[in-house]
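S.K.: Just dropping this structure here.
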Amino acid sequence: MPYQWTTPHPEADTDMTLSLWPHRSLPRRGFAAFVLATFTLITVPLYPLLGTAVLWGLLPFLLLALAGMWWALEHSYRSARLSEVLTIAPEEVHLVRTNPRGDVQEWACNRYWAQVNMHDTGGPVAHYLTLKGAGREVEIGAFLSEEERMALYGELLRALRPPAPLAG
């Protein structure tokens, strides 16, 4: 899953940190191999045209298609720079979202008042997760798959549960 808790048991009485990031299905090495393979395959139909004027008529369009694919994959990598870090301390919940362009958005709330909500419909994605508190409602994990958001919802409910009182 593209998220990770720093503690194996969210019920622990210490600060917990949840890090979330978007899926990256194509690593950089695979990106280079894909572009090279596409370039190789796109030039195969040009071999019989070597030395003709038709080659120069087709070549710009094929190179434009390759450049468009390169740009689209690079744009995907840039948008995947998004990350979210949720810190749950005994007294406070703090969410930091770093957007692809580097700007940072923050939200903090008293842990007692923090609520996690799942909106089955009406959000930008199915099973939309939000955190509510301190007069604001913020999204969390909108880039996760539907199943991952549903699993995360249960984990967040357990993590935000008030700590058990100490027996004395």
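The chains in the structure tokens are called A, B, ... from first to last as shown; in each chain the residues are counted from 1, and the ligands are counted from 1 in the order shown.
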Can you tell me which residues surround Val85 in chain A at a distance of at most 8 Å, considering only C-alpha atoms, apart from same-chain residues fewer than 6 positions away, and format the answer as a PDB file with N, CA, C and O atoms, in the first residue's frame?

M.R.:
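Okay, this is what ended up in around05.pdb:
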ATOM      1  N   THR A  17       3.056   8.274  13.219  1.00  0.00           N
ATOM      2  CA  THR A  17       3.134   9.037  11.984  1.00  0.00           C
ATOM      3  C   THR A  17       2.678   8.155  10.840  1.00  0.00           C
ATOM      4  O   THR A  17       3.105   7.013  10.717  1.00  0.00           O
ATOM      5  N   LEU A  18       1.807   8.721  10.018  1.00  0.00           N
ATOM      6  CA  LEU A  18       1.319   8.039   8.830  1.00  0.00           C
ATOM      7  C   LEU A  18       1.823   8.819   7.621  1.00  0.00           C
ATOM      8  O   LEU A  18       1.567  10.012   7.506  1.00  0.00           O
ATOM      9  N   SER A  19       2.555   8.152   6.753  1.00  0.00           N
ATOM     10  CA  SER A  19       3.052   8.773   5.523  1.00  0.00           C
ATOM     11  C   SER A  19       2.291   8.192   4.344  1.00  0.00           C
ATOM     12  O   SER A  19       2.186   6.971   4.216  1.00  0.00           O
ATOM     13  N   LEU A  20       1.766   9.063   3.487  1.00  0.00           N
ATOM     14  CA  LEU A  20       1.002   8.644   2.309  1.00  0.00           C
ATOM     15  C   LEU A  20       1.640   9.222   1.063  1.00  0.00           C
ATOM     16  O   LEU A  20       2.129  10.355   1.087  1.00  0.00           O
ATOM     17  N   LEU A  95      -1.634  17.338  10.222  1.00  0.00           N
ATOM     18  CA  LEU A  95      -1.523  16.849   8.853  1.00  0.00           C
ATOM     19  C   LEU A  95      -0.739  17.863   8.024  1.00  0.00           C
ATOM     20  O   LEU A  95      -1.059  19.049   8.038  1.00  0.00           O
ATOM     21  N   VAL A  96       0.280  17.380   7.312  1.00  0.00           N
ATOM     22  CA  VAL A  96       1.082  18.226   6.422  1.00  0.00           C
ATOM     23  C   VAL A  96       0.992  17.608   5.034  1.00  0.00           C
ATOM     24  O   VAL A  96       1.344  16.451   4.837  1.00  0.00           O
ATOM     25  N   ARG A  97       0.508  18.407   4.083  1.00  0.00           N
ATOM     26  CA  ARG A  97       0.399  17.959   2.692  1.00  0.00           C
ATOM     27  C   ARG A  97       1.374  18.785   1.854  1.00  0.00           C
ATOM     28  O   ARG A  97       1.308  20.011   1.846  1.00  0.00           O
TER      29      ARG A  97
END

S.K.: Give me the residues within 12 Å of Ala126 in chain A as a list of chain:residue names, counting only C-alpha atoms and dropping any in the same chain fewer than 5 places off.

M.R.: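 Counting only the stated atoms, we get A:Met118, A:His119, A:Asp120, A:Thr121, A:Gly141, A:Ala142, A:Phe143, A:Leu144, A:Ser145, A:Glu146, A:Glu147, A:Glu148, A:Arg149, A:Met150.
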
S.K.: Mind writing the picked residues with C-alpha atoms as a short mmCIF file (atom, residue, chain, number, x, y, z; two decimals), in the first residue's frame?

M.R.:
data_model
loop_
_atom_site.label_atom_id
_atom_site.label_comp_id
_atom_site.auth_asym_id
_atom_site.auth_seq_id
_atom_site.Cartn_x
_atom_site.Cartn_y
_atom_site.Cartn_z
CA MET A 118 -15.85 8.58 5.07
CA HIS A 119 -18.16 10.03 2.43
CA ASP A 120 -19.41 7.08 0.38
CA THR A 121 -20.83 9.43 -2.25
CA GLY A 141 -5.52 10.04 0.85
CA ALA A 142 -7.70 11.06 -2.10
CA PHE A 143 -5.05 9.59 -4.44
CA LEU A 144 -5.35 6.12 -2.88
CA SER A 145 -7.47 3.38 -4.44
CA GLU A 146 -10.98 2.80 -3.12
CA GLU A 147 -9.96 -0.35 -1.22
CA GLU A 148 -6.97 1.42 0.31
CA ARG A 149 -9.14 4.32 1.49
CA MET A 150 -11.58 1.87 3.09
#

S.K.: Please return, as a ChimeraX atom specification, all residues of range 2-166 of chain A that DSSP assigns to strand (DSSP E or B) on the basis of the backbone.

M.R.: /A:3-5,16-20,83-88,92-98,104-110,115-119,128-133,136-139

S.K.: Between CA of Glu91 in chain A and CA of Cys109 in chain A, what is the distance, to one decimal in Å?

M.R.: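 That distance, rounded to one decimal, is 8.8 Å.
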
S.K.: Determine, counting only C-alpha atoms, which protein, DNA and RNA residues have an atom within 8 Å of an atom of range 22-35 of chain A; residues of the same chain fewer than 3 positions away are not included. Present the result as a list in words.

M.R.: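 Contacts, in chain order: Pro2, Thr38, Phe39, Leu66, Trp70, Leu73, Tyr77, Ala80, Arg81, Leu82, Ser83, Phe143 and Leu144 of chain A.
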
S.K.: Export C-alpha atoms of the chosen residues as a PDB file, in the first residue's frame?

M.R.:
ATOM      1  CA  PRO A   2       1.245   3.489  -0.678  1.00  0.00           C
ATOM      2  CA  THR A  38       9.000   2.960 -28.307  1.00  0.00           C
ATOM      3  CA  PHE A  39      11.608   4.917 -30.262  1.00  0.00           C
ATOM      4  CA  LEU A  66       7.442  10.337 -28.994  1.00  0.00           C
ATOM      5  CA  TRP A  70       7.733  11.683 -22.936  1.00  0.00           C
ATOM      6  CA  LEU A  73       5.102  10.475 -18.480  1.00  0.00           C
ATOM      7  CA  TYR A  77       6.156  11.872 -12.348  1.00  0.00           C
ATOM      8  CA  ALA A  80       3.448  12.048  -8.086  1.00  0.00           C
ATOM      9  CA  ARG A  81       5.617  14.291  -5.876  1.00  0.00           C
ATOM     10  CA  LEU A  82       2.546  14.757  -3.692  1.00  0.00           C
ATOM     11  CA  SER A  83       2.863  13.485  -0.131  1.00  0.00           C
ATOM     12  CA  PHE A 143      -5.053   9.588  -4.438  1.00  0.00           C
ATOM     13  CA  LEU A 144      -5.351   6.117  -2.879  1.00  0.00           C
TER      14      LEU A 144
END

S.K.: I want to know what sits within 8 Å of Ala108 in chain A, based on only C-alpha atoms, with residues of the same chain fewer than 3 positions away left out; could you give that as a PyMOL selection string?

M.R.: chain A and resi 92-95+133-134

S.K.: Measuring between only C-alpha atoms, which one of A:Leu86, A:Ala114, A:Ile42, A:Leu58 shows the shortest distance to Ile140 in chain A?

M.R.: A:Leu86

S.K.: Among range 56-166 of chain A, which ones does DSSP place in alpha helix (DSSP H), written as an NGL selection string?

M.R.: :A and (56-79 or 146-160)

S.K.: For CA of Ala151 in chain A and CA of Tyr3 in chain A, determine how far apart the two atoms are, in Å to one decimal place.

M.R.: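 If I compute the distance from CA of Ala151 in chain A to CA of Tyr3 in chain A, I get 10.9 Å.
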
S.K.: Provide the CA of Thr87 in chain A to CA of Met16 in chain A distance in Å, to one decimal place.

M.R.: 5.7 Å
